[in-house]
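Undergrad: My structure is in protein.csv, and what it holds is CSV, C-alpha atoms and all ligand atoms:
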chain,number,residue,atom,x,y,z
A,16,MET,CA,-14.3,20.0,-20.6
A,17,LEU,CA,-11.6,17.4,-20.8
A,18,THR,CA,-8.0,18.6,-21.0
A,19,LEU,CA,-5.2,16.9,-22.9
A,20,ASN,CA,-4.0,15.4,-19.6
A,21,ASP,CA,-7.4,13.9,-18.9
A,22,TYR,CA,-7.3,12.3,-22.4
A,23,GLN,CA,-3.8,11.0,-21.8
A,24,ARG,CA,-4.8,9.6,-18.4
A,25,ARG,CA,-7.8,7.8,-19.9
A,26,PHE,CA,-5.8,6.5,-22.8
A,27,GLN,CA,-3.2,5.2,-20.3
A,28,GLN,CA,-6.0,3.5,-18.3
A,29,PHE,CA,-7.3,1.6,-21.3
A,30,ALA,CA,-3.7,0.7,-22.4
A,31,LEU,CA,-3.1,-0.7,-18.9
A,32,GLN,CA,-6.4,-2.5,-19.1
A,33,SER,CA,-5.3,-4.2,-22.3
A,34,ALA,CA,-2.2,-5.4,-20.6
A,35,VAL,CA,-4.2,-6.8,-17.7
A,36,ARG,CA,-6.5,-8.6,-20.1
A,37,ARG,CA,-3.6,-10.5,-21.6
A,38,LEU,CA,-2.3,-11.4,-18.1
A,39,LEU,CA,-5.7,-12.4,-16.7
A,40,PRO,CA,-7.7,-13.7,-19.7
A,41,ASP,CA,-10.1,-15.8,-17.6
A,42,THR,CA,-11.3,-13.0,-15.2
A,43,ARG,CA,-14.0,-10.4,-15.5
A,44,VAL,CA,-11.5,-7.7,-16.2
A,45,SER,CA,-10.8,-9.3,-19.6
A,46,SER,CA,-14.3,-8.4,-20.8
A,47,CYS,CA,-14.7,-5.1,-19.0
A,48,LEU,CA,-16.1,-2.5,-21.5
A,49,ARG,CA,-15.3,-5.0,-24.3
A,50,ARG,CA,-18.5,-7.1,-24.3
A,51,LEU,CA,-22.3,-6.2,-24.6
A,52,SER,CA,-24.4,-6.5,-21.5
A,53,GLN,CA,-28.1,-6.8,-21.5
A,54,TYR,CA,-29.4,-3.3,-22.2
A,55,PRO,CA,-31.6,-1.3,-21.8
A,56,ASN,CA,-32.7,-3.8,-19.1
A,57,LYS,CA,-31.7,-7.3,-17.7
A,58,LYS,CA,-34.7,-8.9,-19.6
A,59,THR,CA,-33.4,-7.8,-23.0
A,60,PRO,CA,-31.7,-10.7,-24.8
A,61,LEU,CA,-28.2,-10.0,-25.8
A,62,TYR,CA,-29.0,-10.1,-29.5
A,63,LEU,CA,-31.4,-7.2,-29.0
A,64,SER,CA,-29.1,-5.2,-26.7
A,65,PHE,CA,-27.3,-2.2,-27.9
A,66,VAL,CA,-24.7,0.4,-26.8
A,67,LYS,CA,-25.4,4.0,-26.1
A,68,VAL,CA,-22.9,6.9,-25.8
A,69,LYS,CA,-24.0,9.3,-23.1
A,70,GLN,CA,-22.7,12.6,-21.7
A,71,SER,CA,-23.1,13.8,-18.2
A,72,VAL,CA,-24.4,17.4,-18.2
A,73,GLN,CA,-23.1,17.9,-14.7
A,74,HIS,CA,-19.6,16.4,-15.2
A,75,LYS,CA,-19.3,16.9,-19.0
A,76,LYS,CA,-17.9,13.4,-19.3
A,77,THR,CA,-18.8,11.0,-22.0
A,78,PHE,CA,-19.3,7.3,-21.4
A,79,PHE,CA,-20.8,4.1,-22.7
A,80,THR,CA,-23.9,2.3,-21.4
A,81,GLY,CA,-24.8,-1.2,-22.4
A,82,LEU,CA,-21.3,-2.7,-21.9
A,83,ASP,CA,-20.1,-5.1,-19.3
A,84,VAL,CA,-18.0,-3.5,-16.5
A,85,CYS,CA,-16.0,-5.6,-14.0
A,86,GLY,CA,-16.0,-3.1,-11.1
A,87,SER,CA,-12.7,-4.4,-9.8
A,88,VAL,CA,-10.9,-1.8,-7.7
A,89,TRP,CA,-7.8,-4.1,-7.5
A,90,VAL,CA,-7.0,-5.2,-11.0
A,91,CYS,CA,-8.9,-3.0,-13.5
A,92,PRO,CA,-7.2,0.4,-14.2
A,93,VAL,CA,-10.4,1.8,-15.7
A,94,CYS,CA,-12.9,0.7,-12.9
A,95,SER,CA,-10.4,1.5,-10.1
A,96,ALA,CA,-10.0,5.1,-11.4
A,97,LYS,CA,-13.8,5.6,-11.3
A,98,ILE,CA,-14.2,4.0,-7.9
A,99,SER,CA,-11.2,5.9,-6.4
A,100,GLU,CA,-12.7,9.2,-7.7
A,101,ARG,CA,-16.0,8.5,-6.0
A,102,ARG,CA,-14.3,7.4,-2.8
A,103,LYS,CA,-12.2,10.5,-2.8
A,104,ALA,CA,-15.3,12.7,-2.9
A,105,GLU,CA,-16.9,10.7,-0.1
A,106,LEU,CA,-13.7,11.0,2.0
A,107,GLU,CA,-13.5,14.7,1.4
A,108,HIS,CA,-17.1,15.1,2.6
A,109,LEU,CA,-16.3,13.0,5.7
A,110,LEU,CA,-13.3,15.1,6.6
A,111,VAL,CA,-15.1,18.4,6.3
A,112,THR,CA,-18.1,17.1,8.4
A,113,HIS,CA,-15.8,15.6,11.0
A,114,ARG,CA,-13.7,18.7,11.4
A,115,ALA,CA,-16.8,20.9,11.5
A,116,GLN,CA,-18.0,18.8,14.5
A,117,GLY,CA,-14.7,19.5,16.3
A,118,GLY,CA,-13.1,16.1,15.6
A,119,GLU,CA,-9.5,15.3,15.2
A,120,LEU,CA,-7.7,13.4,12.5
A,121,VAL,CA,-4.6,11.2,12.8
A,122,MET,CA,-2.9,9.3,9.9
A,123,ILE,CA,-0.9,6.2,10.8
A,124,THR,CA,1.3,4.4,8.3
A,125,ARG,CA,2.3,0.8,9.0
A,126,THR,CA,4.9,-1.3,7.2
A,127,VAL,CA,7.6,-3.9,7.9
A,128,PRO,CA,11.2,-4.1,6.7
A,129,HIS,CA,11.7,-5.6,3.2
A,130,GLU,CA,13.9,-8.4,4.2
A,131,PHE,CA,10.8,-10.1,5.6
A,132,ALA,CA,9.4,-10.5,2.2
A,133,HIS,CA,9.8,-13.9,0.4
A,134,ASP,CA,6.9,-13.7,-2.0
A,135,LEU,CA,4.0,-11.3,-2.2
A,136,LYS,CA,1.4,-13.8,-1.0
A,137,THR,CA,3.3,-14.7,2.2
A,138,PHE,CA,4.3,-11.1,2.8
A,139,LEU,CA,0.8,-9.7,2.3
A,140,THR,CA,-1.0,-12.4,4.4
A,141,SER,CA,1.6,-12.1,7.2
A,142,PHE,CA,1.4,-8.3,7.2
A,143,LEU,CA,-2.4,-8.2,7.4
A,144,LYS,CA,-2.5,-10.9,10.1
A,145,ALA,CA,0.1,-9.0,12.2
A,146,GLU,CA,-1.9,-5.8,11.8
A,147,LYS,CA,-5.1,-7.7,12.9
A,148,ILE,CA,-3.3,-9.1,16.0
A,149,LEU,CA,-1.9,-5.6,16.9
A,150,LYS,CA,-5.5,-4.4,16.9
A,151,GLU,CA,-6.6,-7.2,19.3
A,152,THR,CA,-4.0,-6.2,21.9
A,153,THR,CA,-5.3,-4.7,25.2
A,154,ALA,CA,-3.1,-1.6,24.8
A,155,TYR,CA,-4.6,-0.9,21.4
A,156,ARG,CA,-8.2,-1.4,22.5
A,157,GLN,CA,-7.7,0.8,25.6
A,158,LEU,CA,-6.2,3.6,23.5
A,159,ILE,CA,-9.1,3.5,21.0
A,160,ALA,CA,-11.6,3.6,23.8
A,161,LYS,CA,-9.7,6.5,25.5
A,162,VAL,CA,-9.7,8.8,22.5
A,163,GLY,CA,-13.1,7.9,21.2
A,164,VAL,CA,-12.4,6.6,17.7
A,165,LYS,CA,-15.6,7.1,15.6
A,166,GLY,CA,-14.1,5.1,12.7
A,167,THR,CA,-11.1,4.7,10.5
A,168,VAL,CA,-10.5,4.6,6.7
A,169,LYS,CA,-7.6,2.4,5.6
A,170,VAL,CA,-5.7,2.2,2.3
A,171,LEU,CA,-3.6,-0.8,1.4
A,172,GLU,CA,-0.7,-0.1,-0.9
A,173,VAL,CA,1.5,-2.7,-2.6
A,174,THR,CA,4.5,-1.6,-4.7
A,175,TYR,CA,7.4,-3.4,-6.3
A,176,GLY,CA,10.9,-2.0,-6.5
A,177,GLN,CA,14.6,-2.8,-6.2
A,178,ASN,CA,14.1,-4.5,-2.8
A,179,GLY,CA,11.2,-6.6,-4.0
A,180,TRP,CA,7.6,-6.3,-2.7
A,181,HIS,CA,6.7,-3.5,-0.4
A,182,VAL,CA,3.4,-3.6,1.5
A,183,HIS,CA,2.1,-0.8,3.7
A,184,THR,CA,-1.2,0.7,5.0
A,185,HIS,CA,-2.2,4.2,5.7
A,186,GLU,CA,-5.0,4.4,8.2
A,187,LEU,CA,-6.9,7.6,9.0
A,188,PHE,CA,-8.4,7.8,12.4
A,189,PHE,CA,-11.5,9.9,13.0
A,190,ILE,CA,-11.2,10.9,16.7
A,191,GLU,CA,-13.8,12.7,18.8
A,192,LYS,CA,-11.3,15.0,20.6
A,193,GLY,CA,-7.6,14.9,20.6
A,194,TYR,CA,-5.1,15.5,23.4
A,195,SER,CA,-1.4,16.6,23.3
A,196,ARG,CA,0.2,13.1,23.2
A,197,LEU,CA,-2.4,11.5,21.0
A,198,TYR,CA,-0.2,11.1,17.9
A,199,GLY,CA,2.7,9.7,19.9
A,200,ASP,CA,0.4,7.3,21.8
A,201,LEU,CA,-1.1,6.0,18.6
A,202,SER,CA,2.1,5.6,16.6
A,203,GLY,CA,3.9,4.3,19.7
A,204,LEU,CA,1.8,1.2,20.0
A,205,GLY,CA,4.3,-1.7,20.0
A,206,TYR,CA,7.2,0.5,21.0
A,207,ASP,CA,9.6,-1.0,23.5
A,208,GLU,CA,11.0,1.8,25.7
A,209,GLU,CA,13.9,-0.3,27.0
A,210,GLU,CA,15.1,-1.7,23.7
A,211,ARG,CA,14.2,1.6,22.0
A,212,ARG,CA,12.7,-0.1,19.0
A,213,TYR,CA,9.3,-1.2,17.7
A,214,HIS,CA,8.0,-4.7,18.2
A,215,VAL,CA,5.0,-6.3,16.7
A,216,PRO,CA,3.2,-8.1,19.5
A,217,ALA,CA,4.7,-11.6,20.2
A,218,ARG,CA,1.8,-13.4,18.6
A,219,ALA,CA,2.2,-11.4,15.4
A,220,VAL,CA,5.9,-12.2,15.1
A,221,TYR,CA,4.8,-15.8,14.5
A,222,PHE,CA,3.3,-14.8,11.2
A,223,LEU,CA,6.3,-12.8,10.1
A,301,ZN,ZN,-13.3,-2.9,-15.2
Turn this file's structure into structure tokens for me.
TA:
Amino acid sequence: MLTLNDYQRRFQQFALQSAVRRLLPDTRVSSCLRRLSQYPNKKTPLYLSFVKVKQSVQHKKTFFTGLDVCGSVWVCPVCSAKISERRKAELEHLLVTHRAQGGELVMITRTVPHEFAHDLKTFLTSFLKAEKILKETTAYRQLIAKVGVKGTVKVLEVTYGQNGWHVHTHELFFIEKGYSRLYGDLSGLGYDEEERRYHVPARAVYFL
């Protein structure tokens, strides 16, 4: 059963999607859920296609079939909400399984000061390059091998505020077995003991 908040959230998603359509009229998001797709199968010509309203017995949610969907997690508020919900369920399953196997979890957040940002494209490209270079360093590789990282899940977040664009990542490390200094070692990558401040590796500075 959908609550009022669910309705409000879905209403807001469609309202936001309308705004994105006006800003990006030539992209797939502009026709997402607004145009017929070939239905019930890909051989059906469009003029014979139709739209059906269905309801999931399990989730009690109502949805359309027979409409184009863009599937964009970055620019479509409607698709990204659906995709995020599915990913959230997958991640929860991963966390429970990993913990049950005796594994450890560590979350690392990376960002850079705002004054580095000129425009979003430069900022984002530089930030991701610096992060890639950090991961290529010997110290990073040695640490990853030492703790037995099974895998990581990373989220990239971009926000805009008074100080301009702000880019950061949260990365969840699935580790075989932790040790007491694990968190410090992971977050201390790039930390200069003498200068008592963080450095991105020399090669990464080039991009910032
Ligand atoms: Zn969409």
Undergrad: Please provide as an mmCIF file with C-alpha atoms, in the coordinates of the input all residues within 12 Å of range 99-102 of chain A, with the sequence filter that same-chain residues fewer than 5 positions apart are discarded (counting only C-alpha atoms).
TA:
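out-v4.cif, written as the output of this step:
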data_model
loop_
_atom_site.group_PDB
_atom_site.id
_atom_site.type_symbol
_atom_site.label_atom_id
_atom_site.label_comp_id
_atom_site.auth_asym_id
_atom_site.auth_seq_id
_atom_site.Cartn_x
_atom_site.Cartn_y
_atom_site.Cartn_z
ATOM 1 C CA GLY A 86 -16.000 -3.100 -11.100
ATOM 2 C CA SER A 87 -12.700 -4.400 -9.800
ATOM 3 C CA VAL A 88 -10.900 -1.800 -7.700
ATOM 4 C CA TRP A 89 -7.800 -4.100 -7.500
ATOM 5 C CA CYS A 91 -8.900 -3.000 -13.500
ATOM 6 C CA PRO A 92 -7.200 0.400 -14.200
ATOM 7 C CA VAL A 93 -10.400 1.800 -15.700
ATOM 8 C CA CYS A 94 -12.900 0.700 -12.900
ATOM 9 C CA GLU A 107 -13.500 14.700 1.400
ATOM 10 C CA HIS A 108 -17.100 15.100 2.600
ATOM 11 C CA LEU A 109 -16.300 13.000 5.700
ATOM 12 C CA VAL A 168 -10.500 4.600 6.700
ATOM 13 C CA LYS A 169 -7.600 2.400 5.600
ATOM 14 C CA VAL A 170 -5.700 2.200 2.300
#
Undergrad: Of the candidates A:Leu38, A:Asp134, A:Ser71, A:Thr18, which shows the shortest atom-to-atom distance to Gly179 in chain A, using all atoms listed in the file?
TA: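 Nearest to Gly179 in chain A: A:Asp134.
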Undergrad: May I ask you to write as a compact mmCIF listing (two decimals) with C-alpha atoms, in the frame of the given file all residues lying at most 12 Å from ligand ZN 301 (chain A), with only C-alpha atoms and all ligand atoms counted?
TA:
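Just written: part.txt:
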# COMPACT_ATOMS: atom_id res chain seq x y z
CA GLN A 28 -6.00 3.50 -18.30
CA PHE A 29 -7.30 1.60 -21.30
CA LEU A 31 -3.10 -0.70 -18.90
CA GLN A 32 -6.40 -2.50 -19.10
CA SER A 33 -5.30 -4.20 -22.30
CA VAL A 35 -4.20 -6.80 -17.70
CA ARG A 36 -6.50 -8.60 -20.10
CA THR A 42 -11.30 -13.00 -15.20
CA ARG A 43 -14.00 -10.40 -15.50
CA VAL A 44 -11.50 -7.70 -16.20
CA SER A 45 -10.80 -9.30 -19.60
CA SER A 46 -14.30 -8.40 -20.80
CA CYS A 47 -14.70 -5.10 -19.00
CA LEU A 48 -16.10 -2.50 -21.50
CA ARG A 49 -15.30 -5.00 -24.30
CA ARG A 50 -18.50 -7.10 -24.30
CA LEU A 82 -21.30 -2.70 -21.90
CA ASP A 83 -20.10 -5.10 -19.30
CA VAL A 84 -18.00 -3.50 -16.50
CA CYS A 85 -16.00 -5.60 -14.00
CA GLY A 86 -16.00 -3.10 -11.10
CA SER A 87 -12.70 -4.40 -9.80
CA VAL A 88 -10.90 -1.80 -7.70
CA TRP A 89 -7.80 -4.10 -7.50
CA VAL A 90 -7.00 -5.20 -11.00
CA CYS A 91 -8.90 -3.00 -13.50
CA PRO A 92 -7.20 0.40 -14.20
CA VAL A 93 -10.40 1.80 -15.70
CA CYS A 94 -12.90 0.70 -12.90
CA SER A 95 -10.40 1.50 -10.10
CA ALA A 96 -10.00 5.10 -11.40
CA LYS A 97 -13.80 5.60 -11.30
CA ILE A 98 -14.20 4.00 -7.90
Undergrad: Please measure the separation of CA of Ala160 in chain A and CA of Glu191 in chain A, giving the value in Å to one decimal.
TA: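 Taking CA of Ala160 in chain A as the start and CA of Glu191 in chain A as the end point, the length is 10.6 Å.
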Undergrad: Between CA of Gly81 in chain A and CA of Tyr54 in chain A, what is the spacing in Å?
TA: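 Interatomic distance here is 5.1 Å.
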Undergrad: Which of these residues is nearest to Gly118 in chain A, using all atoms listed in the file: A:Gly166, A:Gly193, A:Pro60, A:Pro40?
TA: A:Gly193
Undergrad: What is the CA of Glu119 in chain A to CA of His183 in chain A distance in Å?
TA: 22.9 Å
